[in-house]
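A short worksheet on the structure shown next.
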Amino acid sequence: MSENSQHLKTVEQRLLWLSHWMIHHANHIRPKVDGIKVGGHQASSASMVSMMTALYFSALRPEDRVAVKPHASPIFHAMQYLMGNVPLEKMENFRGFSGVQSYPSRTKDIDDVDFSTGSVGLGVAITSFASMIQDYVKAKTWGKEVPLGRMVALMGDAELDEGNIYECLQEGWKNDLRNTWWVIDYNRQSLDGIVREGLFERAEKIFDAFGWDVVRIKHGALQRAAFEEPGGDRLRQWIDDCPNQLYSALTYMGGSVWRQHLMDDLGDQGDVTALLGSRDDTQLAALMENLGGNCVDTMAEVFASIDHDRPVCFLAYTIKGWGTPIAGHKDNHGGLMTKAQMLDWQNDMGVLEGQEWNPFATIENEAGFKGFLDRVPFFAAGIRRYDDDFLPVPKVELENDREISTQMGFGKILDTLSKGNSTLADRILTTSPDVTGTTNLGPWVNRRKLFARTAQADTFKDFKIPSTAKWEFAPEGQHIELGIAEMNLMLLLGAAGLSHSLFGKRLIPIGTVYDPFVSRGLDALNYACYQDARFILVGTPSGVTLAPEGGAHQSIASPLIGMSQDGLAAFEPAFVDELAVIMEWAFDYVQRDGNGDPDERTWLRDETGGSIYLRLTTNPIEQPGKRADDAFVQGAVDGAYWLRKPGPNCSIVIAYQGAVAPEAIAAAGLIGEHRRDVGVLAVTSADRLNAGWTAAQRERARGNVKAQSHVEKLLSDLSGNCTIVTVIDGHPATLSWLGAVHGHQTIPHGVEHFGQTGSIEDLYRHFRIDRHSIAESVSELTVGDRSPSAAWRSLLPS
């Protein structure tokens, strides 16, 4: 055995021990506070230890990026601990508060996580989109120095059940995917049972159809050597034909059972008997468990043999729980070794009592081994978190048409940027799932082109056929056109939104999607935000305002998604001057990475930055005159401003968000015929208002009695008798909480049920978000004492 091979074997055994001890410590040694099982997936980690050792300590270079299988996180943390990147206290607190995370996390872990995983399948798919983004950056004049790395996914075989994996395969084929490796831990066991026989033969055909090389790694070095012995061909055939369940069961039962079953099946007293007889039970078990994925030398050789940039899928056969007493058992997915099993295994591993956490506990030549670790290329560059310069944000200006929709305004803003020569415009990457034209990205794409690594002709243009879409594919293009899968959109935005960290080049990704179909990509959207990817998502057209398109294309819950999604600031402007202000702020916001201290003006943590969600509409509405005062500009960003400030005798305030602005304004006029000083609150972001309000309440609970949010200040002058009427083309809960800020009676209007076809007027009336319904909702209110104290008194017995 070569010195390098011996070092790899040592790393493999160290990672196997440290990962399992970390899990054992969390479940059986660390004091339990609540009595709940901590867990940790010992078996799922063990099956990947050999391939992760070969990958990180032999094959990878610093420019490569890896998405680690969620259930292999203990191996990953053990590896970072071995390399000195994670302190002992983090390991001792595995799955505890402030300890290393259950699944690798870019934002929660301190070790060098490239891609967060945990939502199975998404960590796999994002590597293909990261490779596409790497090519995009590399093709630009400002990105030529970026080294090309491999985007690697370590995945469990059960993740092949995830539909988003197959969606991204198709997108990769269309975009000439390269430099992508997927390494499948083919242990043939999932959470609830054994993987169906023959599954991969079908998956293999799919990979082949989309241009991937498929490399099967079934037999380790011990098995391949045994196959060269007399009788070895019959042993190989038996292994290849053995059903998954039987192989797992025999593995769990051990060497003597292996021997008996093999002899019964093969029925040979000659060469096969001699082959088996030359090995004791322990050696026979080691031979039969030496599948390719559990052989570090085999994995290192296979990785080193790849000398091209085509996408590769490695099918690595493994034993779940390899090297441990629970190997092969069908219940071992979430199972744990008992204390007795662990003690016996500790003796087998040669770890002395008191040395369990020592990274070099079993190593005789510690200096030589540390020297090997120091030479490992992947870790030579240290933590690989990059950054890029802040891109100056040009003034976002827009000629104010008398009637225009926010969707049209969005397209005009991008078109104006496309005509300029700002650095920010050069770094904008737009993308859309087959709705580029209908979401008003067309003018931008006409000027800035579509991205492809090699130029592609526009046949319509060549034949001089008139078309509004003058789209050219070129390396300098700034738009990536996707197929109709919204999951792919969110994953591409996630990858592009990490470009500054992964590749050292900042992008401003903007993705457009039909607003109701935000929900179809919600898992991937949440995943992108969890990684702190930075992007702007535009959902348009929205709500029943879409009218004739009908219910399936009319969104209801998307405003609530915007409010509840962490890492995403949601806006729904009614007017394009609001949109211009918000977009200028957004271009700055997505680049921020501050210390997280809250802004005491709003109690929002704006310095940390984040992503943006814009909910827009296609309905042209009359625009207000030119507005540039500070209260308007700051209010549009903070979430609300007074369109009509309430007077001293105000008893009714109408608060609206988005497309229903004309109805709210008209309703205020109708109500104003009978009531004085009606106020109109223009809400641009219920999300930011609500976040600031709850943050200010937390601050007051900490003792800062002067903490007051933006919405609290806006509503502070209203009398207790004032009623707030809220209206939105979306779920009424988006705004109905406003009454809780200072205890005002609230009458919410919105859409709670699936829409239908019809005119805007018909649908607004049907859902009671039209001006007359708004006015009627307050017509029966009596002017009296409706203060919170009066309301409570009415509930008390007389």
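Please note that chains go A, B, ... in the order of the structure tokens, that every chain numbers its residues from 1, and that ligands are numbered from 1 in the order shown.
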Give me the residues within 12 Å of Val214 (chain A) as a short mmCIF file (atom, residue, chain, number, x, y, z; two decimals) with C-alpha atoms, in the first residue's frame, counting only C-alpha atoms and dropping any in the same chain fewer than 6 places off.
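Written file, out_3.cif:
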```cif
data_model
loop_
_atom_site.label_atom_id
_atom_site.label_comp_id
_atom_site.auth_asym_id
_atom_site.auth_seq_id
_atom_site.Cartn_x
_atom_site.Cartn_y
_atom_site.Cartn_z
CA TRP A 181 -20.38 15.69 -10.84
CA TRP A 182 -23.15 13.87 -9.02
CA VAL A 183 -21.92 11.11 -6.70
CA ILE A 184 -24.72 8.76 -5.69
CA PHE A 200 -30.98 2.66 -11.32
CA GLU A 201 -31.08 0.93 -14.68
CA ALA A 203 -32.38 6.30 -14.00
CA GLU A 204 -29.20 5.53 -15.90
CA LYS A 205 -31.05 5.73 -19.21
CA ILE A 206 -32.34 9.17 -18.24
CA PHE A 207 -28.86 10.44 -17.44
CA ASP A 208 -27.56 9.04 -20.70
CA VAL A 302 -12.17 6.62 -10.32
CA ILE A 306 -12.06 11.72 -15.23
CA ARG A 310 -18.73 16.53 -19.39
CA PRO A 311 -21.24 16.02 -16.57
CA VAL A 312 -20.66 12.74 -14.76
CA CYS A 313 -22.92 10.66 -12.56
CA PHE A 314 -21.00 8.25 -10.31
CA LEU A 315 -23.06 5.33 -9.05
CA ALA A 316 -21.16 4.19 -5.98
#
```
Original post:
If you run DSSP on this backbone, which residues of region 623-759 of chain A come out as strand (DSSP E or B), and could you give them as number ranges by chain?
Top reply: A: 640-644, 652-657, 679-683, 723-728, 745-749
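Per DSSP on the backbone, helix (DSSP H, G or I) in region 340-390 of chain A comprises A:Ala340, A:Gln341, A:Met342, A:Leu343, A:Asp344, A:Trp345, A:Gln346, A:Asn347, A:Asp348, A:Met349, A:Glu366, A:Ala367, A:Gly368, A:Phe369, A:Lys370, A:Gly371, A:Phe372, A:Leu373, A:Asp374, A:Arg375, A:Pro377, A:Phe378, A:Phe379.
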Saved selection, atoms kept: N, CA and C atoms, as a PDB file, in the first residue's frame:
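Saved as part26.pdb:
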```
ATOM      1  N   ALA A 340     -23.538  -0.338  24.578  1.00  0.00           N
ATOM      2  CA  ALA A 340     -22.719  -1.557  24.538  1.00  0.00           C
ATOM      3  C   ALA A 340     -22.075  -1.743  23.178  1.00  0.00           C
ATOM      4  N   GLN A 341     -22.856  -1.522  22.124  1.00  0.00           N
ATOM      5  CA  GLN A 341     -22.300  -1.617  20.770  1.00  0.00           C
ATOM      6  C   GLN A 341     -21.175  -0.609  20.564  1.00  0.00           C
ATOM      7  N   MET A 342     -21.387   0.590  21.064  1.00  0.00           N
ATOM      8  CA  MET A 342     -20.385   1.632  20.891  1.00  0.00           C
ATOM      9  C   MET A 342     -19.097   1.294  21.632  1.00  0.00           C
ATOM     10  N   LEU A 343     -19.234   0.739  22.821  1.00  0.00           N
ATOM     11  CA  LEU A 343     -18.037   0.372  23.588  1.00  0.00           C
ATOM     12  C   LEU A 343     -17.235  -0.703  22.864  1.00  0.00           C
ATOM     13  N   ASP A 344     -17.917  -1.727  22.357  1.00  0.00           N
ATOM     14  CA  ASP A 344     -17.214  -2.770  21.603  1.00  0.00           C
ATOM     15  C   ASP A 344     -16.569  -2.196  20.349  1.00  0.00           C
ATOM     16  N   TRP A 345     -17.305  -1.330  19.663  1.00  0.00           N
ATOM     17  CA  TRP A 345     -16.780  -0.745  18.421  1.00  0.00           C
ATOM     18  C   TRP A 345     -15.584   0.158  18.721  1.00  0.00           C
ATOM     19  N   GLN A 346     -15.634   0.869  19.852  1.00  0.00           N
ATOM     20  CA  GLN A 346     -14.510   1.719  20.245  1.00  0.00           C
ATOM     21  C   GLN A 346     -13.247   0.887  20.419  1.00  0.00           C
ATOM     22  N   ASN A 347     -13.399  -0.289  21.019  1.00  0.00           N
ATOM     23  CA  ASN A 347     -12.246  -1.186  21.164  1.00  0.00           C
ATOM     24  C   ASN A 347     -11.746  -1.651  19.802  1.00  0.00           C
ATOM     25  N   ASP A 348     -12.673  -1.997  18.922  1.00  0.00           N
ATOM     26  CA  ASP A 348     -12.279  -2.429  17.576  1.00  0.00           C
ATOM     27  C   ASP A 348     -11.546  -1.316  16.822  1.00  0.00           C
ATOM     28  N   MET A 349     -11.985  -0.060  17.032  1.00  0.00           N
ATOM     29  CA  MET A 349     -11.364   1.068  16.338  1.00  0.00           C
ATOM     30  C   MET A 349     -10.048   1.497  16.990  1.00  0.00           C
ATOM     31  N   GLU A 366       2.118  10.988  13.983  1.00  0.00           N
ATOM     32  CA  GLU A 366       1.247  12.161  13.910  1.00  0.00           C
ATOM     33  C   GLU A 366       1.847  13.248  13.034  1.00  0.00           C
ATOM     34  N   ALA A 367       3.156  13.454  13.110  1.00  0.00           N
ATOM     35  CA  ALA A 367       3.806  14.497  12.315  1.00  0.00           C
ATOM     36  C   ALA A 367       3.673  14.212  10.823  1.00  0.00           C
ATOM     37  N   GLY A 368       3.876  12.945  10.447  1.00  0.00           N
ATOM     38  CA  GLY A 368       3.741  12.584   9.034  1.00  0.00           C
ATOM     39  C   GLY A 368       2.314  12.755   8.532  1.00  0.00           C
ATOM     40  N   PHE A 369       1.358  12.397   9.381  1.00  0.00           N
ATOM     41  CA  PHE A 369      -0.048  12.517   8.977  1.00  0.00           C
ATOM     42  C   PHE A 369      -0.445  13.989   8.854  1.00  0.00           C
ATOM     43  N   LYS A 370      -0.004  14.822   9.808  1.00  0.00           N
ATOM     44  CA  LYS A 370      -0.306  16.252   9.712  1.00  0.00           C
ATOM     45  C   LYS A 370       0.333  16.868   8.477  1.00  0.00           C
ATOM     46  N   GLY A 371       1.492  16.371   8.123  1.00  0.00           N
ATOM     47  CA  GLY A 371       2.145  16.849   6.903  1.00  0.00           C
ATOM     48  C   GLY A 371       1.314  16.533   5.674  1.00  0.00           C
ATOM     49  N   PHE A 372       0.711  15.340   5.666  1.00  0.00           N
ATOM     50  CA  PHE A 372      -0.175  14.973   4.562  1.00  0.00           C
ATOM     51  C   PHE A 372      -1.374  15.908   4.503  1.00  0.00           C
ATOM     52  N   LEU A 373      -1.981  16.172   5.660  1.00  0.00           N
ATOM     53  CA  LEU A 373      -3.137  17.067   5.688  1.00  0.00           C
ATOM     54  C   LEU A 373      -2.779  18.460   5.195  1.00  0.00           C
ATOM     55  N   ASP A 374      -1.590  18.928   5.540  1.00  0.00           N
ATOM     56  CA  ASP A 374      -1.158  20.258   5.113  1.00  0.00           C
ATOM     57  C   ASP A 374      -1.008  20.347   3.597  1.00  0.00           C
ATOM     58  N   ARG A 375      -0.782  19.203   2.949  1.00  0.00           N
ATOM     59  CA  ARG A 375      -0.555  19.199   1.502  1.00  0.00           C
ATOM     60  C   ARG A 375      -1.823  18.952   0.693  1.00  0.00           C
ATOM     61  N   PRO A 377      -4.705  19.601  -1.471  1.00  0.00           N
ATOM     62  CA  PRO A 377      -4.967  20.811  -2.269  1.00  0.00           C
ATOM     63  C   PRO A 377      -6.265  21.529  -1.906  1.00  0.00           C
ATOM     64  N   PHE A 378      -7.323  20.784  -1.648  1.00  0.00           N
ATOM     65  CA  PHE A 378      -8.621  21.416  -1.433  1.00  0.00           C
ATOM     66  C   PHE A 378      -8.607  22.383  -0.257  1.00  0.00           C
ATOM     67  N   PHE A 379      -7.883  22.032   0.794  1.00  0.00           N
ATOM     68  CA  PHE A 379      -7.886  22.846   2.004  1.00  0.00           C
ATOM     69  C   PHE A 379      -6.775  23.888   2.017  1.00  0.00           C
TER      70      PHE A 379
END
```
Write out as a Markdown table the residues of region 709-786 of chain A that have any atom within 8 Å of an atom of region 547-556 of chain A, one row each with the nearest atom pair and its distance in Å to one decimal, counting only C-alpha atoms, sorted by chain and then rising number.
```
| residue | atom | partner | partner_atom | distance |
| --- | --- | --- | --- | --- |
| A:Asp729 | CA | A:Ile556 | CA | 7.5 |
| A:Gly730 | CA | A:Ile556 | CA | 4.5 |
| A:His731 | CA | A:Ile556 | CA | 5.4 |
| A:Val751 | CA | A:Ile556 | CA | 6.3 |
| A:Glu752 | CA | A:Ile556 | CA | 6.7 |
| A:His753 | CA | A:Ile556 | CA | 7.5 |
| A:Phe754 | CA | A:Gly551 | CA | 5.4 |
| A:Gly755 | CA | A:Gly551 | CA | 4.0 |
| A:Gln756 | CA | A:Gly550 | CA | 4.3 |
| A:Thr757 | CA | A:Gly550 | CA | 4.1 |
| A:Gly758 | CA | A:Pro548 | CA | 5.0 |
| A:Ser759 | CA | A:Ala547 | CA | 5.3 |
| A:Ile760 | CA | A:Ala547 | CA | 5.3 |
| A:Leu763 | CA | A:Ala547 | CA | 6.9 |
```
Would you kindly return, as a PDB file with C-alpha atoms, in the first residue's frame, each protein, DNA or RNA residue with an atom no farther than 6 Å from any atom of region 768-777 of chain A, considering only C-alpha atoms and excluding same-chain residues fewer than 2 positions away?
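Saved file selection20.pdb follows:
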```pdb
ATOM      1  CA  GLU A 663     -60.864  51.541  -5.524  1.00  0.00           C
ATOM      2  CA  ALA A 666     -62.572  56.303  -4.738  1.00  0.00           C
ATOM      3  CA  ALA A 667     -64.081  54.681  -1.637  1.00  0.00           C
ATOM      4  CA  ILE A 671     -67.136  57.866   2.564  1.00  0.00           C
ATOM      5  CA  HIS A 749     -61.386  43.202   2.486  1.00  0.00           C
ATOM      6  CA  TYR A 764     -63.832  43.231  -7.683  1.00  0.00           C
ATOM      7  CA  ARG A 765     -67.560  43.415  -6.961  1.00  0.00           C
ATOM      8  CA  HIS A 766     -67.798  39.637  -6.472  1.00  0.00           C
ATOM      9  CA  SER A 779     -71.930  52.717   6.300  1.00  0.00           C
TER      10      SER A 779
END
```
Original post:
Between CA of Thr141 (chain A) and CA of Leu507 (chain A), what is the distance, to one decimal in Å?
Top reply: 13.8 Å
Mind checking which residues fall within 8 Å of Val576 (chain A), counting only C-alpha atoms, ignoring those fewer than 6 positions away in the same chain, and posting them as a CSV table (one decimal) with N, CA and C atoms, in the first residue's frame?
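Below is the file out27.csv, written as the result:
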```csv
chain,number,residue,atom,x,y,z
A,398,LEU,N,-38.0,57.2,-14.2
A,398,LEU,CA,-39.0,56.7,-15.1
A,398,LEU,C,-40.0,57.8,-15.5
A,400,ASN,N,-43.3,59.3,-16.1
A,400,ASN,CA,-44.6,58.9,-15.5
A,400,ASN,C,-45.7,59.0,-16.5
A,404,ILE,N,-50.5,53.5,-16.4
A,404,ILE,CA,-49.5,52.5,-16.7
A,404,ILE,C,-49.6,51.4,-15.6
A,405,SER,N,-49.3,50.2,-15.8
A,405,SER,CA,-49.3,49.2,-14.8
A,405,SER,C,-47.9,49.1,-14.2
A,406,THR,N,-47.8,48.5,-13.0
A,406,THR,CA,-46.5,48.3,-12.4
A,406,THR,C,-45.7,47.3,-13.2
A,409,GLY,N,-44.2,49.2,-15.9
A,409,GLY,CA,-43.2,50.1,-15.3
A,409,GLY,C,-41.9,49.4,-15.0
A,410,PHE,N,-42.0,48.1,-14.5
A,410,PHE,CA,-40.9,47.3,-14.3
A,410,PHE,C,-40.1,47.1,-15.6
A,623,GLN,N,-51.9,57.4,-12.7
A,623,GLN,CA,-50.8,57.7,-11.9
A,623,GLN,C,-50.9,59.1,-11.2
```
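Proximity of A:Gln708, A:Thr423, A:Gln634, A:Thr282 to Arg506 (chain A), computed with only C-alpha atoms, is greatest for A:Thr423.
Between CA of Lys37 (chain A) and CA of Ser102 (chain A) the interatomic distance comes to 12.9 Å.
When only C-alpha atoms are used to measure the gap to Val296 (chain A), the shortest distance among A:Thr617, A:Ser685, A:Thr53, A:Thr602 belongs to A:Thr53.
Summary of the local environment: counting only C-alpha atoms, residues at most 6 Å from region 57-71 of chain A, other than itself and those fewer than 3 positions away along its chain, are His41, Ser44, Thr53, Ala54, Tyr103, Asp114, Phe115, Thr117, Gly118, Gly123, Gly149, Arg150, Met151, Val152, Ala153, Leu154, Met155, Val376, Pro377 and Phe378 of chain A.
If you measure from each of A:Pro325, A:Gly255, A:Pro74, A:Pro559 to Pro573 (chain A) using only C-alpha atoms, the closest one turns out to be A:Pro559.
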Original post:
Which residue gives the smallest distance to Ala381 (chain A) among A:Gly743, A:Asp112, A:Trp471, A:Ala139, with only C-alpha atoms counted?
Top reply: A:Asp112
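Candidate residues A:Asp185, A:Glu167, A:Asp523, A:Glu712 were compared for distance to Ala485 (chain A), and the nearest is A:Glu167, using only C-alpha atoms.
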**OP:** Considering only C-alpha atoms, return as a VMD selection string whatever protein or nucleic-acid residues lie within 7 Å of Leu502 (chain A), sequence-local ones (same chain, fewer than 4 positions apart) excluded.
**Re:** chain A and resid 385 to 386 498
Keeping N, CA and C atoms for every residue in the selection just given, could you write it to a file as a compact mmCIF listing (two decimals), in the first residue's frame?
```txt
# COMPACT_ATOMS: atom_id res chain seq x y z
N ARG A 385 -14.73 31.51 1.16
CA ARG A 385 -15.86 32.44 1.07
C ARG A 385 -15.34 33.75 0.48
N TYR A 386 -15.77 34.05 -0.72
CA TYR A 386 -15.28 35.23 -1.40
C TYR A 386 -16.29 36.38 -1.28
N LEU A 498 -25.58 33.60 -5.21
CA LEU A 498 -24.39 33.26 -4.41
C LEU A 498 -23.10 33.47 -5.19
```
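Minimum atom-to-atom distance to Val544 (chain A), evaluated using only C-alpha atoms, belongs to A:Val660 out of A:Leu482, A:Val660, A:Val396, A:Val137.
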Subject >> Contacts of Val33 (chain A) within 12 Å, only C-alpha atoms, excl. fewer than 4 positions in-chain, as a VMD selection string >> reply: chain A and resid 26 to 27 37 to 38 96 to 97
